[in-house]
Amino acid sequence: MTPRPGFVLEVDGSTPPTLLWNGEGFVLERLPEGTRVIYPPEPLPPLADPVAAIRDALEHPVGGTPPLRALLRPGMRLTICFDDVSLPLPPMRAPDVRQMVIEQVLDLAAAAGVDDVVLIAALALHRRMTEAELRHALGDRIYEAFAPHGLLTQHDAEDPDNLIDLGRTAEGEEVEINRRAAESDLIVYVNICLVAMDGGHKSVATGLASYRSLRHHHNPTTMRHSRSFMDAPSSELHSSNWRMGRHIAASGVKVFQIETTLNTDTFPSQFAFLQRREWEWSLRDRAAYAASAAALDAVPKRIARQIFHAIEAPHQMTSVQAGEVEAVHELALEHIWRQQGVAVEGQTDILTMGLPYICPYNVHSVMNPILVACLGLGYFFNLYRGKPLVRQGGVVIMRHPTRAEFDPAYHPSYIDFYEQVLTETTDPIEMHKLYEESFATDPWYIHLYRTGHAYHGVHPFYMWYWCAHALEHLGRVIVVGGDTKAVRRMGFSPASTLADALELARDVVGPSPTITHLHVPPLLMADVR
Amino acid sequence: MKAVVFERSLPRFAAARLASTLGSGRGARVAPLRLVDADPPALPGDGWHHVSPVLAGICGSDLATIDGRSSRYFEPLVSFPFVPGHEVVGTIAVEATGADHNPIPAGSRVVVQPVLGCAARGMTRWCRSCREGNPGNCEHTSLGHLRPGIQIGYCTDTGGGWSTAGLVAHESQLYQVAEPMSDAGAVTVEPLACALHAVVAAGIREDQVVAVLGAGTLGLATVAALSHLVDRGALGQPGAVAVGARYEIQRRLAERFGADVVVAPDQLGRAIRRQARSMVVGGPAGARLTSGADVVFDCVGSSESIAAALEIVRPRGTVVLVGMPGRVHLDLAPLWHREVHLVGAYAYGTEALGAVTLPTFQLALEAASAMGTGQLVSATYPLERFEEAVAHAGAAGRRGAVKIAFDLRSSTRGGRR
């Protein structure tokens with residue numbers, strides 16, 4: 001059966017309650033009549049033979065690039081870079097697409113007699129992946145072949161010996177990336193384009209960059225001018241990355257880009273109701289919802305978190321394309337839009353959303369309040385092309401418990417950011433001026449980033465900058481069911497129920513607002529006209 | 001005329017100590033503390049004057065005494081019964097010569113430097129500390145023509161501030177209050193003098209990281225003292241002054257007095273790590289800073305606060321005990337291993353600020369005016385409501401207050417400020 005496209009439902013008297021994510025759980029809410037609910041398209045059928053598709057892409061690259069095997073030769077230095085644990089979400093069932101692609105690349109390299117091969121997790125300022133995560137992404141065979149010999153590395157943005165200064169773009173942006181990669185005869189970058197923000201020049205120019213380089217586009221001014229950062233032509237974040245990527249290419253660094261796209265088959269069968277439209281829930285879906293909701297309510301939050309983070313998505317590959325970066329990315333974007341695009345007529349006064357347990361930066365960890373803000377106001381708010389879903393001066397209502405809980409191993413600087421920065425200011429520009437550098441250069445954070453599994457000291461700032469466009473655009477942000485103190489600290493308004501939140505919102509947008517609910521995940525991209 | 005009197009009664013001490021486990025200041029109802037009819041104390045000799053209190057503060061050491069938590073160290077240094085109250089602004093009815101040897105006209109407001117040193121005790125041979133202008137370190141505390149008592153407010157013969165009958169003070173203890181200063185500002189001069197004395201003793205240098213543990217009156221006064229000494233050019237600008245403050249009013253005042261970083265007390269270690277750019281050793285259960293603050297002012301004086309101070313001070317740094325400690329249980333391994341200087345800072349004396357020396361109280365009068373420390377006074381009570389006043393002082397932060405004082409101008413005056 002052909003998968004159905006995305007859909008905008010108008011709630012009426014016969015509409016059943018709508019499922020809203022609520023962290024490590026979910027609730028059913030009866031939305032006011034007239035509310036528009038935007039549902040994502042159903043998952044596209046996957047590639048019938050993904051391995052064959054990968055081989056074909058490597059053999060028939062786009063953008064005038066020769067086949068990969070023609071670029072490989074004995075004695076060359078080959079560096080294979082791959083996206084880190086932040087993609088895809090939730091982590092996909094084995095085999096991961098990175099494993100599938102890299103196995104084919106390695107087969108070609110072996111056939112060509114290439115001995116000097118190094119794998120690099122392109123994690124920019126993200127945390128280092130654990131051994132289990134690397135094994136999951138690459139498979140045991142690749143891990144065992146490379147890791148014990150020091151040939152499977154993770155990009156270290158603070159290792160002065162393994163960074164190279166490639167000069168500046170015409171706009172004066174410093175371009176400093178991983179030395180091993182830059183000095184290789186060829187970089188093969190293996191990417192997962194989960195959303196339209198991913199991929200393109202952002203892969204190398206961000207994934208392999210240093211703080212010195214990243215700060216040129218990871219800042220509040222750039223993010224305020226990225227409208228949205230999910231729409232590259234309208235995104236200053238991407239413009240800067242593109243300038244850097246072209247500069248990298250002009251510096252003689254050769255990149256063979258491989259971009260994959262996935263379908264939105266996001267949850268395993270026991271949670272299948274999460275990606276069905278409520279009025280189509282079967283008896284089994286209703287039972288699964290009731291059982292899940294009851295069980296999640298009954299168990300300690302720690303257990304609920306473990307249950308959710310054990311989820312492996314049944315995502316499957318819908319496309320793979322290889323070759324020149326920009327040509328590859330154009331194709332990947334087409335596939336993303338085909339899977340995720342939903343046409344939406346006009347903006348809304350109030351945008352509601354339920355936030356799940358996971359975002360790109362808390363895989364196997366806690367979603368702290370800063371990440372809650374980033375997921376709602378960074379990612380979900382920006383799931384648009386054209387105009388934001390919510391009008392200027394409108395209100396976003398997010399549902400999430402928003403507990404002031406932090407993972408000290410993964411997010412050490414987030415704790416200080418929460419305690420020492422957000423207590424002083426929530427203005428991205430001001431915190432950028434006053435605090436960013438001291439966090440970015442803090443030797444303890446750098447030590448934890450380099451030797452442990454900590455996000456870089458500056459990372460919480462970036463998460464807040466991700467919200468900068470929304471914070472400037474919105475009249476109010478309301479969090480339903482969140483920890484009051486944490487919500488207020490971020491400058492948002494707490495509400496105990498959705499009805500209360502709507503009342504609060506009416507103070508801002510007027511007594512008869514239009515309401516739109518973003519029914520994600522699974523993910524969608526709103527094409528707002 | 002009335003006075004609140006503290007008497008010797010071991011059963012009541014014990015009861016107060018038990019009651020205080022429910023919270024600071026809760027011992028007032030069972031402590032050997034009662035409101036009595038009182039006459040003004042007799043003048044002990046030449047150079048003594050009657051002082052009619054206007055405002056008299058309730059200090060942490062008063063609360064510790066009432067709650068039976070004071071160290072037994074002080075037993076031979078006080079005489080019973082005594083009228084508490086050593087933070088005093090009052091008036092004199094007869095012209096006096098002040099501590100600065102200038103005349104103070106009759107009817108003037110004065111603050112009382114309460115330490116009873118050699119001058120007040122009529123010692124013919126002064127101890128070395130008093131000769132050097134540091135009566136706080138007087139070696140004759142229980143000698144001379146007065147009964148024991150380290151300060152007015154702990155001595156039978158002098159009376160104390162918690163009295164409408166007044167107290168007596170030696171001319172060496174009197175400092176005239178200039179007219180623009182409010183009574184509230186004047187009543188904070190004594191704790192501010194303690195803070196100034198501690199800050200000067202710490203020898204803070206430019207760009208050093210300073211931590212203040214506790215943001216009650218003494219902690220906030222310490223922040224104000226730091227700022228004033230920097231403004232005065234007597235101290236270099238610290239790299240950062242970080243304060244652990246539990247309550248909103250404390251946070252607000254700490255910032256107003258010039259703190260750079262104000263965090264919850266359990267976050268002070270994290271803040272100091274950031275400011276000192278320190279690394280950390282040990283796991284989550286026993287994480288410790290490798291470096292830390294150059295100077296830590298402990299304005300609490302408990303086992304926990306001193307231990308916390310030792311956790312956040314850098315090797316060879318200084319921990320200054322500003323708050324009155326008692327018997328504490330401490331692991332001194334970090335002090336030994338990191339060669340930390342643990343120093344006490346009691347009362348006041350003469351401060352050397354570069355080439356200038358001046359009495360701490362004179363400096364405190366100047367600082368109280370410049371920093372507006374009168375805003376520390378949150379509420380005043382008439383003497384008749386002393387139990388409520390003490391309970392309020394014991395729960396000051398929680399109840400949105402800092403300094404609680406008695407208003408002695410009328411037995412019925414008082415209220416929120």
# chains A, B, ... in the order shown; residues from 1 in each chain; ligands from 1

call {"tool": "closest_atom_pairs", "arguments": {"of": "chain B", "to": "chain A", "cutoff": "7 Å", "atoms": "only C-alpha atoms", "output": "tab-separated table"}}
result
residue	atom	partner	partner_atom	distance
B:Val263	CA	A:Gln420	CA	7.0
B:Arg270	CA	A:Asp416	CA	6.9
B:Arg277	CA	A:Asp442	CA	6.1
B:Ser278	CA	A:Trp444	CA	6.6
B:Met279	CA	A:Trp444	CA	5.0

call {"tool": "select_by_dssp", "arguments": {"residues": "range 13-183 of chain B", "states": "strand (DSSP E)", "output": "VMD selection string"}}
result
chain B and resid 33 to 37 48 to 57 88 to 92 96 to 97 103 to 104 109 to 112 167 to 170 174 to 176

call {"tool": "residues_around", "arguments": {"residues": "Gly122 in chain B", "least_positions_apart": "5", "cutoff": "12 Å", "atoms": "only C-alpha atoms", "output": "PDB file with C-alpha atoms, in the first residue's frame"}}
result
ATOM      1  CA  PRO B  44      32.123  51.492  86.790  1.00  0.00           C
ATOM      2  CA  GLY B  45      34.465  54.469  87.032  1.00  0.00           C
ATOM      3  CA  ASP B  46      35.903  57.539  85.353  1.00  0.00           C
ATOM      4  CA  GLY B  47      35.538  57.762  81.603  1.00  0.00           C
ATOM      5  CA  TRP B  48      32.348  55.689  81.597  1.00  0.00           C
ATOM      6  CA  LEU B 116      36.162  45.238  76.940  1.00  0.00           C
ATOM      7  CA  GLY B 117      39.920  45.661  76.682  1.00  0.00           C
ATOM      8  CA  CYS B 127      48.608  44.171  77.422  1.00  0.00           C
ATOM      9  CA  CYS B 130      45.773  46.805  73.541  1.00  0.00           C
ATOM     10  CA  HIS B 140      43.234  40.879  80.271  1.00  0.00           C
ATOM     11  CA  THR B 141      39.682  39.985  79.295  1.00  0.00           C
ATOM     12  CA  SER B 142      38.587  38.893  82.767  1.00  0.00           C
ATOM     13  CA  LEU B 143      40.762  41.199  84.849  1.00  0.00           C
ATOM     14  CA  GLY B 144      40.538  44.763  86.145  1.00  0.00           C
ATOM     15  CA  HIS B 145      37.595  46.422  87.840  1.00  0.00           C
ATOM     16  CA  LEU B 146      34.992  44.682  85.677  1.00  0.00           C
ATOM     17  CA  ARG B 147      33.728  41.215  86.070  1.00  0.00           C
ATOM     18  CA  HIS B 170      33.910  53.432  78.317  1.00  0.00           C
ATOM     19  CA  GLU B 171      34.871  56.492  76.313  1.00  0.00           C
ATOM     20  CA  SER B 172      37.398  54.370  74.416  1.00  0.00           C
TER      21      SER B 172
END

call {"tool": "closest_residue", "arguments": {"among": "A:Trp466, A:Gly13, A:Leu333, A:Val458", "to": "Leu237 in chain A", "atoms": "only C-alpha atoms"}}
result
A:Trp466

call {"tool": "residues_around", "arguments": {"residues": "Ala501 in chain A", "least_positions_apart": "6", "cutoff": "9 Å", "atoms": "only C-alpha atoms", "output": "list of chain:residue names"}}
result
A:Ile397, A:Ile478, A:Val479, A:Val480, A:Ser493, A:Pro494, A:Ala495

call {"tool": "write_last_selection", "arguments": {"atoms": "N, CA and C atoms", "output": "PDB file, in the first residue's frame"}}
result
ATOM      1  N   ILE A 397       3.698  26.250  23.171  1.00  0.00           N
ATOM      2  CA  ILE A 397       3.386  25.490  24.388  1.00  0.00           C
ATOM      3  C   ILE A 397       4.025  24.118  24.234  1.00  0.00           C
ATOM      4  N   ILE A 478       5.583  28.503  26.968  1.00  0.00           N
ATOM      5  CA  ILE A 478       4.928  27.903  28.134  1.00  0.00           C
ATOM      6  C   ILE A 478       5.277  26.420  28.158  1.00  0.00           C
ATOM      7  N   VAL A 479       5.611  25.936  29.342  1.00  0.00           N
ATOM      8  CA  VAL A 479       5.904  24.508  29.488  1.00  0.00           C
ATOM      9  C   VAL A 479       4.841  23.901  30.396  1.00  0.00           C
ATOM     10  N   VAL A 480       4.175  22.912  29.876  1.00  0.00           N
ATOM     11  CA  VAL A 480       3.123  22.235  30.647  1.00  0.00           C
ATOM     12  C   VAL A 480       3.736  21.035  31.372  1.00  0.00           C
ATOM     13  N   SER A 493       7.186  30.210  30.989  1.00  0.00           N
ATOM     14  CA  SER A 493       6.082  30.217  31.953  1.00  0.00           C
ATOM     15  C   SER A 493       5.635  28.785  32.219  1.00  0.00           C
ATOM     16  N   PRO A 494       5.502  28.410  33.472  1.00  0.00           N
ATOM     17  CA  PRO A 494       5.008  27.064  33.767  1.00  0.00           C
ATOM     18  C   PRO A 494       3.481  27.021  33.766  1.00  0.00           C
ATOM     19  N   ALA A 495       2.952  25.875  33.395  1.00  0.00           N
ATOM     20  CA  ALA A 495       1.503  25.658  33.495  1.00  0.00           C
ATOM     21  C   ALA A 495       1.296  24.206  33.879  1.00  0.00           C
TER      22      ALA A 495
END

call {"tool": "closest_residue", "arguments": {"among": "B:Pro334, B:Gly374, B:Gly323, B:Gly98", "to": "Leu218 in chain B", "atoms": "only C-alpha atoms"}}
result
B:Gly323

call {"tool": "residues_around", "arguments": {"residues": "range 208-214 of chain A", "least_positions_apart": "4", "cutoff": "6 Å", "atoms": "only C-alpha atoms", "output": "ChimeraX atom specification"}}
result
/A:122,124,157,174-178,204,218

call {"tool": "residues_around", "arguments": {"residues": "Val295 in chain B", "least_positions_apart": "3", "cutoff": "10 Å", "atoms": "only C-alpha atoms", "output": "list in words"}}
result
Val199, Ala202, Gly203, Ile204, Arg205, Gln208, Val209, Val210, Ala211, Val212, Val241, Gly292, Asp298, Ala309, Ile312, Val313, Arg314, Arg316, Gly317, Thr318, Val319, Val320, Val340 and His341 of chain B

call {"tool": "write_last_selection", "arguments": {"atoms": "N, CA and C atoms", "output": "PDB file, in the first residue's frame"}}
result
ATOM      1  N   VAL B 199      38.545  40.855  56.400  1.00  0.00           N
ATOM      2  CA  VAL B 199      38.997  41.054  55.008  1.00  0.00           C
ATOM      3  C   VAL B 199      40.409  41.638  54.983  1.00  0.00           C
ATOM      4  N   ALA B 202      42.973  39.036  55.734  1.00  0.00           N
ATOM      5  CA  ALA B 202      43.161  37.988  54.720  1.00  0.00           C
ATOM      6  C   ALA B 202      44.224  38.360  53.691  1.00  0.00           C
ATOM      7  N   GLY B 203      44.538  39.620  53.590  1.00  0.00           N
ATOM      8  CA  GLY B 203      45.595  40.031  52.661  1.00  0.00           C
ATOM      9  C   GLY B 203      45.307  39.674  51.214  1.00  0.00           C
ATOM     10  N   ILE B 204      44.101  39.947  50.792  1.00  0.00           N
ATOM     11  CA  ILE B 204      43.706  39.588  49.413  1.00  0.00           C
ATOM     12  C   ILE B 204      44.478  40.428  48.409  1.00  0.00           C
ATOM     13  N   ARG B 205      44.933  39.751  47.364  1.00  0.00           N
ATOM     14  CA  ARG B 205      45.668  40.464  46.312  1.00  0.00           C
ATOM     15  C   ARG B 205      44.818  40.528  45.040  1.00  0.00           C
ATOM     16  N   GLN B 208      42.727  37.761  42.747  1.00  0.00           N
ATOM     17  CA  GLN B 208      42.517  36.510  43.475  1.00  0.00           C
ATOM     18  C   GLN B 208      41.030  36.164  43.499  1.00  0.00           C
ATOM     19  N   VAL B 209      40.788  34.879  43.633  1.00  0.00           N
ATOM     20  CA  VAL B 209      39.406  34.395  43.714  1.00  0.00           C
ATOM     21  C   VAL B 209      39.028  34.283  45.179  1.00  0.00           C
ATOM     22  N   VAL B 210      37.921  34.885  45.520  1.00  0.00           N
ATOM     23  CA  VAL B 210      37.475  34.938  46.905  1.00  0.00           C
ATOM     24  C   VAL B 210      36.110  34.259  47.017  1.00  0.00           C
ATOM     25  N   ALA B 211      35.973  33.411  48.010  1.00  0.00           N
ATOM     26  CA  ALA B 211      34.685  32.763  48.256  1.00  0.00           C
ATOM     27  C   ALA B 211      34.146  33.212  49.598  1.00  0.00           C
ATOM     28  N   VAL B 212      32.857  33.383  49.671  1.00  0.00           N
ATOM     29  CA  VAL B 212      32.197  33.725  50.936  1.00  0.00           C
ATOM     30  C   VAL B 212      31.143  32.662  51.199  1.00  0.00           C
ATOM     31  N   VAL B 241      34.498  37.482  43.267  1.00  0.00           N
ATOM     32  CA  VAL B 241      33.974  37.242  44.610  1.00  0.00           C
ATOM     33  C   VAL B 241      32.726  36.386  44.444  1.00  0.00           C
ATOM     34  N   GLY B 292      41.545  26.085  43.623  1.00  0.00           N
ATOM     35  CA  GLY B 292      40.406  26.614  44.363  1.00  0.00           C
ATOM     36  C   GLY B 292      40.547  28.092  44.630  1.00  0.00           C
ATOM     37  N   ASP B 298      34.678  31.933  55.865  1.00  0.00           N
ATOM     38  CA  ASP B 298      33.605  31.105  56.403  1.00  0.00           C
ATOM     39  C   ASP B 298      32.811  31.956  57.382  1.00  0.00           C
ATOM     40  N   ALA B 309      34.791  24.905  53.299  1.00  0.00           N
ATOM     41  CA  ALA B 309      35.834  25.890  52.993  1.00  0.00           C
ATOM     42  C   ALA B 309      37.137  25.187  52.625  1.00  0.00           C
ATOM     43  N   ILE B 312      37.185  23.995  49.040  1.00  0.00           N
ATOM     44  CA  ILE B 312      37.221  24.921  47.897  1.00  0.00           C
ATOM     45  C   ILE B 312      38.396  25.886  47.935  1.00  0.00           C
ATOM     46  N   VAL B 313      39.259  25.745  48.948  1.00  0.00           N
ATOM     47  CA  VAL B 313      40.408  26.657  49.002  1.00  0.00           C
ATOM     48  C   VAL B 313      41.569  26.010  48.256  1.00  0.00           C
ATOM     49  N   ARG B 314      42.376  26.823  47.644  1.00  0.00           N
ATOM     50  CA  ARG B 314      43.511  26.293  46.876  1.00  0.00           C
ATOM     51  C   ARG B 314      44.638  25.888  47.823  1.00  0.00           C
ATOM     52  N   ARG B 316      47.791  26.214  49.832  1.00  0.00           N
ATOM     53  CA  ARG B 316      48.409  27.414  50.420  1.00  0.00           C
ATOM     54  C   ARG B 316      47.470  28.610  50.443  1.00  0.00           C
ATOM     55  N   GLY B 317      46.215  28.359  50.219  1.00  0.00           N
ATOM     56  CA  GLY B 317      45.232  29.423  50.338  1.00  0.00           C
ATOM     57  C   GLY B 317      44.874  29.659  51.796  1.00  0.00           C
ATOM     58  N   THR B 318      43.946  30.545  52.003  1.00  0.00           N
ATOM     59  CA  THR B 318      43.594  30.957  53.367  1.00  0.00           C
ATOM     60  C   THR B 318      42.106  30.791  53.610  1.00  0.00           C
ATOM     61  N   VAL B 319      41.792  30.163  54.729  1.00  0.00           N
ATOM     62  CA  VAL B 319      40.403  30.100  55.181  1.00  0.00           C
ATOM     63  C   VAL B 319      40.290  30.992  56.411  1.00  0.00           C
ATOM     64  N   VAL B 320      39.414  31.962  56.340  1.00  0.00           N
ATOM     65  CA  VAL B 320      39.234  32.887  57.459  1.00  0.00           C
ATOM     66  C   VAL B 320      37.920  32.555  58.154  1.00  0.00           C
ATOM     67  N   VAL B 340      47.044  24.672  54.003  1.00  0.00           N
ATOM     68  CA  VAL B 340      46.062  25.755  54.050  1.00  0.00           C
ATOM     69  C   VAL B 340      46.243  26.561  55.340  1.00  0.00           C
ATOM     70  N   HIS B 341      46.116  27.845  55.219  1.00  0.00           N
ATOM     71  CA  HIS B 341      46.154  28.702  56.410  1.00  0.00           C
ATOM     72  C   HIS B 341      44.726  28.841  56.932  1.00  0.00           C
TER      73      HIS B 341
END

call {"tool": "atom_distance", "arguments": {"atom1": "CA of Ile370 in chain A", "atom2": "CA of Pro412 in chain A"}}
result
12.4 Å

call {"tool": "atom_distance", "arguments": {"atom1": "CA of Glu183 in chain A", "atom2": "CA of Ile142 in chain A"}}
result
22.8 Å

call {"tool": "residues_around", "arguments": {"residues": "Thr264 in chain A", "least_positions_apart": "5", "cutoff": "9 Å", "atoms": "only C-alpha atoms", "output": "number ranges by chain"}}
result
A: 40-44, 194, 275, 314-316, 339-340, 521-524

call {"tool": "atom_distance", "arguments": {"atom1": "CA of Asp349 in chain A", "atom2": "CA of Ile515 in chain A"}}
result
6.0 Å

call {"tool": "select_by_dssp", "arguments": {"residues": "range 221-354 of chain A", "states": "alpha helix (DSSP H)", "output": "PyMOL selection string"}}
result
chain A and resi 221-224+236-250+283-298+301-309+325-340

call {"tool": "closest_residue", "arguments": {"among": "B:Gly397, B:Gly233, B:Pro382, B:Gly68", "to": "Thr21 in chain B", "atoms": "only C-alpha atoms"}}
result
B:Gly68

call {"tool": "closest_residue", "arguments": {"among": "A:Val363, A:Leu389, A:Ile311, A:Ala454", "to": "Ala343 in chain A", "atoms": "only C-alpha atoms"}}
result
A:Leu389

call {"tool": "decode", "arguments": {"residues": "range 169-192 of chain B", "atoms": "N, CA and C atoms", "output": "mmCIF file, in the first residue's frame"}}
result
data_model
loop_
_atom_site.group_PDB
_atom_site.id
_atom_site.type_symbol
_atom_site.label_atom_id
_atom_site.label_comp_id
_atom_site.auth_asym_id
_atom_site.auth_seq_id
_atom_site.Cartn_x
_atom_site.Cartn_y
_atom_site.Cartn_z
ATOM 1 N N ALA B 169 29.294 52.334 78.767
ATOM 2 C CA ALA B 169 30.427 52.099 77.881
ATOM 3 C C ALA B 169 31.536 53.079 78.231
ATOM 4 N N HIS B 170 32.744 52.581 78.052
ATOM 5 C CA HIS B 170 33.910 53.432 78.317
ATOM 6 C C HIS B 170 34.118 54.359 77.123
ATOM 7 N N GLU B 171 34.698 55.524 77.403
ATOM 8 C CA GLU B 171 34.871 56.492 76.313
ATOM 9 C C GLU B 171 35.706 55.935 75.173
ATOM 10 N N SER B 172 36.590 54.981 75.476
ATOM 11 C CA SER B 172 37.398 54.370 74.416
ATOM 12 C C SER B 172 36.544 53.497 73.503
ATOM 13 N N GLN B 173 35.278 53.311 73.866
ATOM 14 C CA GLN B 173 34.390 52.459 73.076
ATOM 15 C C GLN B 173 33.352 53.246 72.280
ATOM 16 N N LEU B 174 33.391 54.546 72.377
ATOM 17 C CA LEU B 174 32.326 55.351 71.769
ATOM 18 C C LEU B 174 32.768 55.998 70.456
ATOM 19 N N TYR B 175 31.941 55.829 69.453
ATOM 20 C CA TYR B 175 32.185 56.467 68.154
ATOM 21 C C TYR B 175 30.930 57.237 67.754
ATOM 22 N N GLN B 176 31.115 58.498 67.486
ATOM 23 C CA GLN B 176 29.955 59.319 67.129
ATOM 24 C C GLN B 176 29.453 58.945 65.733
ATOM 25 N N VAL B 177 28.133 58.933 65.604
ATOM 26 C CA VAL B 177 27.515 58.633 64.312
ATOM 27 C C VAL B 177 27.157 59.952 63.635
ATOM 28 N N ALA B 178 27.688 60.142 62.443
ATOM 29 C CA ALA B 178 27.399 61.387 61.725
ATOM 30 C C ALA B 178 25.928 61.413 61.319
ATOM 31 N N GLU B 179 25.396 62.589 61.166
ATOM 32 C CA GLU B 179 23.948 62.760 61.040
ATOM 33 C C GLU B 179 23.294 62.050 59.854
ATOM 34 N N PRO B 180 23.910 62.040 58.681
ATOM 35 C CA PRO B 180 23.153 61.440 57.573
ATOM 36 C C PRO B 180 22.911 59.957 57.753
ATOM 37 N N MET B 181 23.693 59.309 58.576
ATOM 38 C CA MET B 181 23.550 57.860 58.677
ATOM 39 C C MET B 181 22.285 57.477 59.449
ATOM 40 N N SER B 182 21.568 56.530 58.901
ATOM 41 C CA SER B 182 20.341 56.083 59.568
ATOM 42 C C SER B 182 20.700 55.232 60.788
ATOM 43 N N ASP B 183 19.722 55.063 61.666
ATOM 44 C CA ASP B 183 19.939 54.172 62.810
ATOM 45 C C ASP B 183 20.205 52.752 62.329
ATOM 46 N N ALA B 184 19.484 52.359 61.272
ATOM 47 C CA ALA B 184 19.685 51.001 60.742
ATOM 48 C C ALA B 184 21.114 50.836 60.245
ATOM 49 N N GLY B 185 21.605 51.854 59.559
ATOM 50 C CA GLY B 185 22.989 51.775 59.099
ATOM 51 C C GLY B 185 23.946 51.682 60.272
ATOM 52 N N ALA B 186 23.670 52.474 61.305
ATOM 53 C CA ALA B 186 24.586 52.507 62.443
ATOM 54 C C ALA B 186 24.615 51.175 63.191
ATOM 55 N N VAL B 187 23.472 50.503 63.261
ATOM 56 C CA VAL B 187 23.454 49.252 64.026
ATOM 57 C C VAL B 187 24.203 48.136 63.287
ATOM 58 N N THR B 188 24.504 48.367 62.002
ATOM 59 C CA THR B 188 25.283 47.363 61.264
ATOM 60 C C THR B 188 26.785 47.635 61.330
ATOM 61 N N VAL B 189 27.160 48.710 62.006
ATOM 62 C CA VAL B 189 28.586 49.055 62.039
ATOM 63 C C VAL B 189 29.398 47.955 62.741
ATOM 64 N N GLU B 190 28.844 47.409 63.805
ATOM 65 C CA GLU B 190 29.612 46.381 64.540
ATOM 66 C C GLU B 190 29.866 45.150 63.684
ATOM 67 N N PRO B 191 28.849 44.520 63.099
ATOM 68 C CA PRO B 191 29.179 43.364 62.253
ATOM 69 C C PRO B 191 30.029 43.740 61.041
ATOM 70 N N LEU B 192 29.828 44.960 60.536
ATOM 71 C CA LEU B 192 30.645 45.375 59.391
ATOM 72 C C LEU B 192 32.102 45.534 59.817
#
